[in-house]
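Source file: model05.pdb; contents: PDB, N, CA and C atoms.
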```pdb
MODEL        1
ATOM      1  N   MET A  20      64.733-155.222 -37.965
ATOM      2  CA  MET A  20      65.301-155.870 -39.131
ATOM      3  C   MET A  20      65.875-157.219 -38.752
ATOM      4  N   GLN A  21      66.542-157.267 -37.603
ATOM      5  CA  GLN A  21      67.133-158.538 -37.181
ATOM      6  C   GLN A  21      66.062-159.604 -36.960
ATOM      7  N   LYS A  22      64.931-159.242 -36.357
ATOM      8  CA  LYS A  22      63.859-160.212 -36.131
ATOM      9  C   LYS A  22      63.260-160.664 -37.455
ATOM     10  N   LEU A  23      62.974-159.729 -38.352
ATOM     11  CA  LEU A  23      62.428-160.083 -39.657
ATOM     12  C   LEU A  23      63.383-161.007 -40.406
ATOM     13  N   ALA A  24      64.665-160.667 -40.431
ATOM     14  CA  ALA A  24      65.645-161.500 -41.130
ATOM     15  C   ALA A  24      65.650-162.917 -40.568
ATOM     16  N   ALA A  25      65.592-163.030 -39.254
ATOM     17  CA  ALA A  25      65.563-164.368 -38.632
ATOM     18  C   ALA A  25      64.276-165.106 -39.000
ATOM     19  N   ASP A  26      63.145-164.397 -38.983
ATOM     20  CA  ASP A  26      61.855-165.023 -39.288
ATOM     21  C   ASP A  26      61.773-165.538 -40.715
ATOM     22  N   ILE A  27      62.405-164.854 -41.658
ATOM     23  CA  ILE A  27      62.301-165.263 -43.065
ATOM     24  C   ILE A  27      63.597-165.893 -43.584
ATOM     25  N   ASN A  28      64.504-166.195 -42.666
ATOM     26  CA  ASN A  28      65.762-166.852 -43.015
ATOM     27  C   ASN A  28      66.557-166.049 -44.048
ATOM     28  N   LEU A  29      66.681-164.756 -43.781
ATOM     29  CA  LEU A  29      67.397-163.841 -44.657
ATOM     30  C   LEU A  29      68.776-163.547 -44.066
ATOM     31  N   PRO A  30      69.839-163.772 -44.805
ATOM     32  CA  PRO A  30      71.153-163.427 -44.260
ATOM     33  C   PRO A  30      71.239-161.917 -44.026
ATOM     34  N   LEU A  31      71.750-161.541 -42.882
ATOM     35  CA  LEU A  31      71.807-160.131 -42.526
ATOM     36  C   LEU A  31      73.136-159.832 -41.862
ATOM     37  N   THR A  32      73.790-158.814 -42.338
ATOM     38  CA  THR A  32      75.003-158.299 -41.706
ATOM     39  C   THR A  32      74.789-156.817 -41.483
ATOM     40  N   ILE A  33      74.985-156.380 -40.268
ATOM     41  CA  ILE A  33      74.848-154.961 -39.964
ATOM     42  C   ILE A  33      76.237-154.354 -39.923
ATOM     43  N   VAL A  34      76.457-153.358 -40.769
ATOM     44  CA  VAL A  34      77.744-152.674 -40.838
ATOM     45  C   VAL A  34      77.596-151.370 -40.066
ATOM     46  N   GLU A  35      78.298-151.278 -38.960
ATOM     47  CA  GLU A  35      78.156-150.107 -38.095
ATOM     48  C   GLU A  35      79.382-149.219 -38.180
ATOM     49  N   GLY A  36      79.128-147.966 -37.886
ATOM     50  CA  GLY A  36      80.210-147.009 -37.750
ATOM     51  C   GLY A  36      80.839-146.591 -39.073
ATOM     52  N   TYR A  37      81.481-145.477 -39.003
ATOM     53  CA  TYR A  37      82.250-144.966 -40.128
ATOM     54  C   TYR A  37      83.299-144.035 -39.572
ATOM     55  N   ASP A  38      84.172-143.600 -40.393
ATOM     56  CA  ASP A  38      85.289-142.758 -39.983
ATOM     57  C   ASP A  38      84.798-141.319 -39.789
ATOM     58  N   MET A  39      84.461-140.962 -38.547
ATOM     59  CA  MET A  39      83.902-139.636 -38.266
ATOM     60  C   MET A  39      84.831-138.493 -38.688
ATOM     61  N   PRO A  40      86.130-138.545 -38.397
ATOM     62  CA  PRO A  40      86.993-137.456 -38.872
ATOM     63  C   PRO A  40      86.958-137.292 -40.396
ATOM     64  N   GLU A  41      86.922-138.403 -41.128
ATOM     65  CA  GLU A  41      86.849-138.340 -42.590
ATOM     66  C   GLU A  41      85.517-137.735 -43.027
ATOM     67  N   PHE A  42      84.431-138.127 -42.371
ATOM     68  CA  PHE A  42      83.120-137.568 -42.687
ATOM     69  C   PHE A  42      83.126-136.054 -42.482
ATOM     70  N   LEU A  43      83.622-135.607 -41.333
ATOM     71  CA  LEU A  43      83.640-134.174 -41.037
ATOM     72  C   LEU A  43      84.521-133.412 -42.019
ATOM     73  N   ARG A  44      85.644-134.017 -42.422
ATOM     74  CA  ARG A  44      86.523-133.380 -43.407
ATOM     75  C   ARG A  44      85.791-133.185 -44.736
ATOM     76  N   ARG A  45      85.034-134.195 -45.131
ATOM     77  CA  ARG A  45      84.332-134.123 -46.415
ATOM     78  C   ARG A  45      83.167-133.140 -46.409
ATOM     79  N   VAL A  46      82.432-133.070 -45.314
ATOM     80  CA  VAL A  46      81.211-132.260 -45.312
ATOM     81  C   VAL A  46      81.416-130.832 -44.836
ATOM     82  N   ALA A  47      82.587-130.508 -44.325
ATOM     83  CA  ALA A  47      82.832-129.146 -43.836
ATOM     84  C   ALA A  47      82.532-128.128 -44.932
ATOM     85  N   GLY A  48      81.606-127.242 -44.666
ATOM     86  CA  GLY A  48      81.251-126.205 -45.625
ATOM     87  C   GLY A  48      80.305-126.648 -46.724
ATOM     88  N   HIS A  49      79.834-127.883 -46.698
ATOM     89  CA  HIS A  49      78.941-128.396 -47.742
ATOM     90  C   HIS A  49      77.524-128.559 -47.210
ATOM     91  N   TYR A  50      77.022-127.595 -46.506
ATOM     92  CA  TYR A  50      75.685-127.696 -45.930
ATOM     93  C   TYR A  50      74.660-127.939 -47.017
ATOM     94  N   GLY A  51      73.789-128.918 -46.784
ATOM     95  CA  GLY A  51      72.759-129.256 -47.761
ATOM     96  C   GLY A  51      73.244-130.164 -48.870
ATOM     97  N   GLU A  52      74.549-130.402 -48.969
ATOM     98  CA  GLU A  52      75.096-131.250 -50.031
ATOM     99  C   GLU A  52      75.859-132.438 -49.464
ATOM    100  N   ARG A  53      75.694-132.720 -48.197
ATOM    101  CA  ARG A  53      76.511-133.757 -47.565
ATOM    102  C   ARG A  53      75.975-135.168 -47.750
ATOM    103  N   CYS A  54      74.756-135.331 -48.261
ATOM    104  CA  CYS A  54      74.189-136.672 -48.413
ATOM    105  C   CYS A  54      75.071-137.561 -49.293
ATOM    106  N   GLY A  55      75.583-137.020 -50.368
ATOM    107  CA  GLY A  55      76.447-137.807 -51.250
ATOM    108  C   GLY A  55      77.703-138.273 -50.545
ATOM    109  N   ASP A  56      78.283-137.407 -49.717
ATOM    110  CA  ASP A  56      79.482-137.788 -48.963
ATOM    111  C   ASP A  56      79.159-138.890 -47.962
ATOM    112  N   CYS A  57      78.055-138.740 -47.261
ATOM    113  CA  CYS A  57      77.648-139.748 -46.278
ATOM    114  C   CYS A  57      77.369-141.085 -46.973
ATOM    115  N   PHE A  58      76.625-141.035 -48.084
ATOM    116  CA  PHE A  58      76.348-142.254 -48.841
ATOM    117  C   PHE A  58      77.646-142.922 -49.260
ATOM    118  N   ASP A  59      78.571-142.143 -49.789
ATOM    119  CA  ASP A  59      79.840-142.698 -50.254
ATOM    120  C   ASP A  59      80.597-143.393 -49.127
ATOM    121  N   LEU A  60      80.738-142.715 -48.004
ATOM    122  CA  LEU A  60      81.482-143.299 -46.881
ATOM    123  C   LEU A  60      80.822-144.566 -46.349
ATOM    124  N   ARG A  61      79.525-144.504 -46.142
ATOM    125  CA  ARG A  61      78.825-145.643 -45.538
ATOM    126  C   ARG A  61      78.602-146.787 -46.518
ATOM    127  N   LEU A  62      78.190-146.454 -47.730
ATOM    128  CA  LEU A  62      77.861-147.521 -48.673
ATOM    129  C   LEU A  62      79.093-148.189 -49.256
ATOM    130  N   THR A  63      80.211-147.493 -49.317
ATOM    131  CA  THR A  63      81.449-148.139 -49.751
ATOM    132  C   THR A  63      81.815-149.242 -48.757
ATOM    133  N   LYS A  64      81.696-148.938 -47.482
ATOM    134  CA  LYS A  64      81.984-149.928 -46.448
ATOM    135  C   LYS A  64      80.968-151.079 -46.497
ATOM    136  N   THR A  65      79.709-150.750 -46.718
ATOM    137  CA  THR A  65      78.656-151.767 -46.796
ATOM    138  C   THR A  65      78.844-152.658 -48.021
ATOM    139  N   ALA A  66      79.173-152.055 -49.158
ATOM    140  CA  ALA A  66      79.393-152.834 -50.376
ATOM    141  C   ALA A  66      80.569-153.785 -50.204
ATOM    142  N   ALA A  67      81.617-153.339 -49.542
ATOM    143  CA  ALA A  67      82.776-154.201 -49.303
ATOM    144  C   ALA A  67      82.391-155.382 -48.423
ATOM    145  N   ALA A  68      81.588-155.140 -47.394
ATOM    146  CA  ALA A  68      81.148-156.232 -46.513
ATOM    147  C   ALA A  68      80.255-157.208 -47.271
ATOM    148  N   ALA A  69      79.364-156.689 -48.123
ATOM    149  CA  ALA A  69      78.492-157.555 -48.919
ATOM    150  C   ALA A  69      79.301-158.418 -49.881
ATOM    151  N   LYS A  70      80.286-157.819 -50.513
ATOM    152  CA  LYS A  70      81.133-158.563 -51.446
ATOM    153  C   LYS A  70      81.917-159.642 -50.708
ATOM    154  N   GLU A  71      82.480-159.281 -49.565
ATOM    155  CA  GLU A  71      83.269-160.228 -48.775
ATOM    156  C   GLU A  71      82.441-161.432 -48.353
ATOM    157  N   LYS A  72      81.162-161.212 -48.063
ATOM    158  CA  LYS A  72      80.297-162.297 -47.607
ATOM    159  C   LYS A  72      79.567-162.992 -48.753
ATOM    160  N   GLY A  73      79.784-162.533 -49.977
ATOM    161  CA  GLY A  73      79.172-163.178 -51.134
ATOM    162  C   GLY A  73      77.705-162.827 -51.335
ATOM    163  N   PHE A  74      77.234-161.734 -50.749
ATOM    164  CA  PHE A  74      75.847-161.312 -50.933
ATOM    165  C   PHE A  74      75.674-160.797 -52.356
ATOM    166  N   ASP A  75      74.471-160.954 -52.890
ATOM    167  CA  ASP A  75      74.219-160.438 -54.237
ATOM    168  C   ASP A  75      73.520-159.087 -54.206
ATOM    169  N   GLY A  76      73.331-158.523 -53.031
ATOM    170  CA  GLY A  76      72.713-157.207 -52.908
ATOM    171  C   GLY A  76      72.822-156.693 -51.492
ATOM    172  N   PHE A  77      72.514-155.413 -51.336
ATOM    173  CA  PHE A  77      72.490-154.817 -50.005
ATOM    174  C   PHE A  77      71.611-153.575 -50.049
ATOM    175  N   THR A  78      71.234-153.091 -48.882
ATOM    176  CA  THR A  78      70.431-151.880 -48.790
ATOM    177  C   THR A  78      70.866-151.085 -47.573
ATOM    178  N   THR A  79      70.205-149.975 -47.335
ATOM    179  CA  THR A  79      70.560-149.101 -46.235
ATOM    180  C   THR A  79      69.335-148.364 -45.717
ATOM    181  N   THR A  80      69.340-148.049 -44.438
ATOM    182  CA  THR A  80      68.285-147.213 -43.880
ATOM    183  C   THR A  80      68.468-145.762 -44.301
ATOM    184  N   LEU A  81      69.614-145.428 -44.870
ATOM    185  CA  LEU A  81      69.842-144.054 -45.332
ATOM    186  C   LEU A  81      68.830-143.648 -46.401
ATOM    187  N   LEU A  82      68.245-144.615 -47.090
ATOM    188  CA  LEU A  82      67.297-144.313 -48.163
ATOM    189  C   LEU A  82      66.011-143.697 -47.647
ATOM    190  N   ILE A  83      65.691-143.887 -46.359
ATOM    191  CA  ILE A  83      64.451-143.355 -45.815
ATOM    192  C   ILE A  83      64.680-142.338 -44.708
ATOM    193  N   SER A  84      65.853-141.824 -44.579
ATOM    194  CA  SER A  84      66.157-140.854 -43.535
ATOM    195  C   SER A  84      65.330-139.581 -43.713
ATOM    196  N   PRO A  85      64.661-139.118 -42.651
ATOM    197  CA  PRO A  85      63.878-137.886 -42.766
ATOM    198  C   PRO A  85      64.743-136.634 -42.927
ATOM    199  N   THR A  86      66.035-136.748 -42.671
ATOM    200  CA  THR A  86      66.924-135.594 -42.800
ATOM    201  C   THR A  86      67.696-135.591 -44.103
ATOM    202  N   ARG A  87      67.461-136.598 -44.942
ATOM    203  CA  ARG A  87      68.190-136.707 -46.212
ATOM    204  C   ARG A  87      67.751-135.631 -47.171
ATOM    205  N   ASN A  88      68.712-135.054 -47.855
ATOM    206  CA  ASN A  88      68.433-134.062 -48.887
ATOM    207  C   ASN A  88      68.034-134.811 -50.157
ATOM    208  N   THR A  89      66.816-134.635 -50.608
ATOM    209  CA  THR A  89      66.302-135.399 -51.761
ATOM    210  C   THR A  89      66.434-134.650 -53.075
ATOM    211  N   THR A  90      67.052-133.487 -53.061
ATOM    212  CA  THR A  90      67.178-132.744 -54.311
ATOM    213  C   THR A  90      68.479-133.035 -55.000
TER
ENDMDL
END
```
Please express the file's structure as structure tokens.
Amino acid sequence: MQKLAADINLPLTIVEGYDMPEFLRRVAGHYGERCGDCFDLRLTKTAAAAKEKGFDGFTTTLLISPTRNTT
């Protein structure tokens, strides 16, 4: 992604990490239903970074995860 962004002059910010204890607290006992919690934790942080930098959109690799629950 970094190479593609550089090649096409696309602004790119990579938002890494999340609060693991908070994630574990949210998903404990929610087997098969944790995708929403993960999306919320990660995308809230990503949306804040996009807003701070004045981006008009953002995306995530979470959309194509082979382990994501699609139901």
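Atom CA of Thr63 of chain A is found 21.5 Å from atom N of Gly48 of chain A.
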Within 10 Å of (81.8, -144.6, -44.9), in the coordinates the file gives, what residues turn up when you count only C-alpha atoms, written out as a CSV table (one decimal) with N, CA and C atoms, keeping the file's coordinate frame?
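Now in part_7.csv:
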```
chain,number,residue,atom,x,y,z
A,34,VAL,N,76.5,-153.4,-40.8
A,34,VAL,CA,77.7,-152.7,-40.8
A,34,VAL,C,77.6,-151.4,-40.1
A,35,GLU,N,78.3,-151.3,-39.0
A,35,GLU,CA,78.2,-150.1,-38.1
A,35,GLU,C,79.4,-149.2,-38.2
A,36,GLY,N,79.1,-148.0,-37.9
A,36,GLY,CA,80.2,-147.0,-37.8
A,36,GLY,C,80.8,-146.6,-39.1
A,37,TYR,N,81.5,-145.5,-39.0
A,37,TYR,CA,82.2,-145.0,-40.1
A,37,TYR,C,83.3,-144.0,-39.6
A,38,ASP,N,84.2,-143.6,-40.4
A,38,ASP,CA,85.3,-142.8,-40.0
A,38,ASP,C,84.8,-141.3,-39.8
A,39,MET,N,84.5,-141.0,-38.5
A,39,MET,CA,83.9,-139.6,-38.3
A,39,MET,C,84.8,-138.5,-38.7
A,41,GLU,N,86.9,-138.4,-41.1
A,41,GLU,CA,86.8,-138.3,-42.6
A,41,GLU,C,85.5,-137.7,-43.0
A,42,PHE,N,84.4,-138.1,-42.4
A,42,PHE,CA,83.1,-137.6,-42.7
A,42,PHE,C,83.1,-136.1,-42.5
A,56,ASP,N,78.3,-137.4,-49.7
A,56,ASP,CA,79.5,-137.8,-49.0
A,56,ASP,C,79.2,-138.9,-48.0
A,57,CYS,N,78.1,-138.7,-47.3
A,57,CYS,CA,77.6,-139.7,-46.3
A,57,CYS,C,77.4,-141.1,-47.0
A,58,PHE,N,76.6,-141.0,-48.1
A,58,PHE,CA,76.3,-142.3,-48.8
A,58,PHE,C,77.6,-142.9,-49.3
A,59,ASP,N,78.6,-142.1,-49.8
A,59,ASP,CA,79.8,-142.7,-50.3
A,59,ASP,C,80.6,-143.4,-49.1
A,60,LEU,N,80.7,-142.7,-48.0
A,60,LEU,CA,81.5,-143.3,-46.9
A,60,LEU,C,80.8,-144.6,-46.3
A,61,ARG,N,79.5,-144.5,-46.1
A,61,ARG,CA,78.8,-145.6,-45.5
A,61,ARG,C,78.6,-146.8,-46.5
A,62,LEU,N,78.2,-146.5,-47.7
A,62,LEU,CA,77.9,-147.5,-48.7
A,62,LEU,C,79.1,-148.2,-49.3
A,63,THR,N,80.2,-147.5,-49.3
A,63,THR,CA,81.4,-148.1,-49.8
A,63,THR,C,81.8,-149.2,-48.8
A,64,LYS,N,81.7,-148.9,-47.5
A,64,LYS,CA,82.0,-149.9,-46.4
A,64,LYS,C,81.0,-151.1,-46.5
A,65,THR,N,79.7,-150.8,-46.7
A,65,THR,CA,78.7,-151.8,-46.8
A,65,THR,C,78.8,-152.7,-48.0
```
| said: With DSSP run on the backbone, what are the helix (DSSP H, G or I) residues within segment 45-85 of chain A? I'd like them as an NGL selection string. | reply: :A and (45-46 or 54-72 or 80-83)
Please produce a file of those selected residues containing N, CA and C atoms, as a short mmCIF file (atom, residue, chain, number, x, y, z; two decimals), in the coordinates of the input.
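As a result, result-v1.cif now contains:
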```cif
data_model
loop_
_atom_site.label_atom_id
_atom_site.label_comp_id
_atom_site.auth_asym_id
_atom_site.auth_seq_id
_atom_site.Cartn_x
_atom_site.Cartn_y
_atom_site.Cartn_z
N ARG A 45 85.03 -134.20 -45.13
CA ARG A 45 84.33 -134.12 -46.42
C ARG A 45 83.17 -133.14 -46.41
N VAL A 46 82.43 -133.07 -45.31
CA VAL A 46 81.21 -132.26 -45.31
C VAL A 46 81.42 -130.83 -44.84
N CYS A 54 74.76 -135.33 -48.26
CA CYS A 54 74.19 -136.67 -48.41
C CYS A 54 75.07 -137.56 -49.29
N GLY A 55 75.58 -137.02 -50.37
CA GLY A 55 76.45 -137.81 -51.25
C GLY A 55 77.70 -138.27 -50.54
N ASP A 56 78.28 -137.41 -49.72
CA ASP A 56 79.48 -137.79 -48.96
C ASP A 56 79.16 -138.89 -47.96
N CYS A 57 78.06 -138.74 -47.26
CA CYS A 57 77.65 -139.75 -46.28
C CYS A 57 77.37 -141.08 -46.97
N PHE A 58 76.62 -141.04 -48.08
CA PHE A 58 76.35 -142.25 -48.84
C PHE A 58 77.65 -142.92 -49.26
N ASP A 59 78.57 -142.14 -49.79
CA ASP A 59 79.84 -142.70 -50.25
C ASP A 59 80.60 -143.39 -49.13
N LEU A 60 80.74 -142.72 -48.00
CA LEU A 60 81.48 -143.30 -46.88
C LEU A 60 80.82 -144.57 -46.35
N ARG A 61 79.53 -144.50 -46.14
CA ARG A 61 78.82 -145.64 -45.54
C ARG A 61 78.60 -146.79 -46.52
N LEU A 62 78.19 -146.45 -47.73
CA LEU A 62 77.86 -147.52 -48.67
C LEU A 62 79.09 -148.19 -49.26
N THR A 63 80.21 -147.49 -49.32
CA THR A 63 81.45 -148.14 -49.75
C THR A 63 81.82 -149.24 -48.76
N LYS A 64 81.70 -148.94 -47.48
CA LYS A 64 81.98 -149.93 -46.45
C LYS A 64 80.97 -151.08 -46.50
N THR A 65 79.71 -150.75 -46.72
CA THR A 65 78.66 -151.77 -46.80
C THR A 65 78.84 -152.66 -48.02
N ALA A 66 79.17 -152.06 -49.16
CA ALA A 66 79.39 -152.83 -50.38
C ALA A 66 80.57 -153.78 -50.20
N ALA A 67 81.62 -153.34 -49.54
CA ALA A 67 82.78 -154.20 -49.30
C ALA A 67 82.39 -155.38 -48.42
N ALA A 68 81.59 -155.14 -47.39
CA ALA A 68 81.15 -156.23 -46.51
C ALA A 68 80.26 -157.21 -47.27
N ALA A 69 79.36 -156.69 -48.12
CA ALA A 69 78.49 -157.56 -48.92
C ALA A 69 79.30 -158.42 -49.88
N LYS A 70 80.29 -157.82 -50.51
CA LYS A 70 81.13 -158.56 -51.45
C LYS A 70 81.92 -159.64 -50.71
N GLU A 71 82.48 -159.28 -49.56
CA GLU A 71 83.27 -160.23 -48.78
C GLU A 71 82.44 -161.43 -48.35
N LYS A 72 81.16 -161.21 -48.06
CA LYS A 72 80.30 -162.30 -47.61
C LYS A 72 79.57 -162.99 -48.75
N THR A 80 69.34 -148.05 -44.44
CA THR A 80 68.28 -147.21 -43.88
C THR A 80 68.47 -145.76 -44.30
N LEU A 81 69.61 -145.43 -44.87
CA LEU A 81 69.84 -144.05 -45.33
C LEU A 81 68.83 -143.65 -46.40
N LEU A 82 68.24 -144.62 -47.09
CA LEU A 82 67.30 -144.31 -48.16
C LEU A 82 66.01 -143.70 -47.65
N ILE A 83 65.69 -143.89 -46.36
CA ILE A 83 64.45 -143.35 -45.82
C ILE A 83 64.68 -142.34 -44.71
#
```
| note | Atom pair atom CA of Lys22 of chain A + atom CA of Leu82 of chain A, distance 20.2 Å
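For the pair atom CA of Gly76 of chain A and atom CA of Asp26 of chain A, the interatomic distance is 19.1 Å.
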Coordinates of box centre and edge lengths for segment 38-45 of chain A, 5 Å on every side, axis-aligned, as JSON:
```
{"center_x": 85.1, "center_y": -138.4, "center_z": -42.3, "size_x": 13.9, "size_y": 20.5, "size_z": 18.1}
```
| Using only C-alpha atoms: which of A:Leu23, A:Cys54, A:Ile33, A:Val46 has the shortest distance to Thr78 of chain A | A:Ile33
| Residues matched by the PyMOL selection byres (((chain A and resi 30 and name CA) around 12) and name CA) as an NGL selection string | :A and (20-29 or 31-33 or 69 or 72-77)
Store the residues of this selection in a file with N, CA and C atoms, as a PDB file, in the frame of the given file.
```pdb
ATOM      1  N   MET A  20      64.733-155.222 -37.965  1.00  0.00           N
ATOM      2  CA  MET A  20      65.301-155.870 -39.131  1.00  0.00           C
ATOM      3  C   MET A  20      65.875-157.219 -38.752  1.00  0.00           C
ATOM      4  N   GLN A  21      66.542-157.267 -37.603  1.00  0.00           N
ATOM      5  CA  GLN A  21      67.133-158.538 -37.181  1.00  0.00           C
ATOM      6  C   GLN A  21      66.062-159.604 -36.960  1.00  0.00           C
ATOM      7  N   LYS A  22      64.931-159.242 -36.357  1.00  0.00           N
ATOM      8  CA  LYS A  22      63.859-160.212 -36.131  1.00  0.00           C
ATOM      9  C   LYS A  22      63.260-160.664 -37.455  1.00  0.00           C
ATOM     10  N   LEU A  23      62.974-159.729 -38.352  1.00  0.00           N
ATOM     11  CA  LEU A  23      62.428-160.083 -39.657  1.00  0.00           C
ATOM     12  C   LEU A  23      63.383-161.007 -40.406  1.00  0.00           C
ATOM     13  N   ALA A  24      64.665-160.667 -40.431  1.00  0.00           N
ATOM     14  CA  ALA A  24      65.645-161.500 -41.130  1.00  0.00           C
ATOM     15  C   ALA A  24      65.650-162.917 -40.568  1.00  0.00           C
ATOM     16  N   ALA A  25      65.592-163.030 -39.254  1.00  0.00           N
ATOM     17  CA  ALA A  25      65.563-164.368 -38.632  1.00  0.00           C
ATOM     18  C   ALA A  25      64.276-165.106 -39.000  1.00  0.00           C
ATOM     19  N   ASP A  26      63.145-164.397 -38.983  1.00  0.00           N
ATOM     20  CA  ASP A  26      61.855-165.023 -39.288  1.00  0.00           C
ATOM     21  C   ASP A  26      61.773-165.538 -40.715  1.00  0.00           C
ATOM     22  N   ILE A  27      62.405-164.854 -41.658  1.00  0.00           N
ATOM     23  CA  ILE A  27      62.301-165.263 -43.065  1.00  0.00           C
ATOM     24  C   ILE A  27      63.597-165.893 -43.584  1.00  0.00           C
ATOM     25  N   ASN A  28      64.504-166.195 -42.666  1.00  0.00           N
ATOM     26  CA  ASN A  28      65.762-166.852 -43.015  1.00  0.00           C
ATOM     27  C   ASN A  28      66.557-166.049 -44.048  1.00  0.00           C
ATOM     28  N   LEU A  29      66.681-164.756 -43.781  1.00  0.00           N
ATOM     29  CA  LEU A  29      67.397-163.841 -44.657  1.00  0.00           C
ATOM     30  C   LEU A  29      68.776-163.547 -44.066  1.00  0.00           C
ATOM     31  N   LEU A  31      71.750-161.541 -42.882  1.00  0.00           N
ATOM     32  CA  LEU A  31      71.807-160.131 -42.526  1.00  0.00           C
ATOM     33  C   LEU A  31      73.136-159.832 -41.862  1.00  0.00           C
ATOM     34  N   THR A  32      73.790-158.814 -42.338  1.00  0.00           N
ATOM     35  CA  THR A  32      75.003-158.299 -41.706  1.00  0.00           C
ATOM     36  C   THR A  32      74.789-156.817 -41.483  1.00  0.00           C
ATOM     37  N   ILE A  33      74.985-156.380 -40.268  1.00  0.00           N
ATOM     38  CA  ILE A  33      74.848-154.961 -39.964  1.00  0.00           C
ATOM     39  C   ILE A  33      76.237-154.354 -39.923  1.00  0.00           C
ATOM     40  N   ALA A  69      79.364-156.689 -48.123  1.00  0.00           N
ATOM     41  CA  ALA A  69      78.492-157.555 -48.919  1.00  0.00           C
ATOM     42  C   ALA A  69      79.301-158.418 -49.881  1.00  0.00           C
ATOM     43  N   LYS A  72      81.162-161.212 -48.063  1.00  0.00           N
ATOM     44  CA  LYS A  72      80.297-162.297 -47.607  1.00  0.00           C
ATOM     45  C   LYS A  72      79.567-162.992 -48.753  1.00  0.00           C
ATOM     46  N   GLY A  73      79.784-162.533 -49.977  1.00  0.00           N
ATOM     47  CA  GLY A  73      79.172-163.178 -51.134  1.00  0.00           C
ATOM     48  C   GLY A  73      77.705-162.827 -51.335  1.00  0.00           C
ATOM     49  N   PHE A  74      77.234-161.734 -50.749  1.00  0.00           N
ATOM     50  CA  PHE A  74      75.847-161.312 -50.933  1.00  0.00           C
ATOM     51  C   PHE A  74      75.674-160.797 -52.356  1.00  0.00           C
ATOM     52  N   ASP A  75      74.471-160.954 -52.890  1.00  0.00           N
ATOM     53  CA  ASP A  75      74.219-160.438 -54.237  1.00  0.00           C
ATOM     54  C   ASP A  75      73.520-159.087 -54.206  1.00  0.00           C
ATOM     55  N   GLY A  76      73.331-158.523 -53.031  1.00  0.00           N
ATOM     56  CA  GLY A  76      72.713-157.207 -52.908  1.00  0.00           C
ATOM     57  C   GLY A  76      72.822-156.693 -51.492  1.00  0.00           C
ATOM     58  N   PHE A  77      72.514-155.413 -51.336  1.00  0.00           N
ATOM     59  CA  PHE A  77      72.490-154.817 -50.005  1.00  0.00           C
ATOM     60  C   PHE A  77      71.611-153.575 -50.049  1.00  0.00           C
TER      61      PHE A  77
END
```
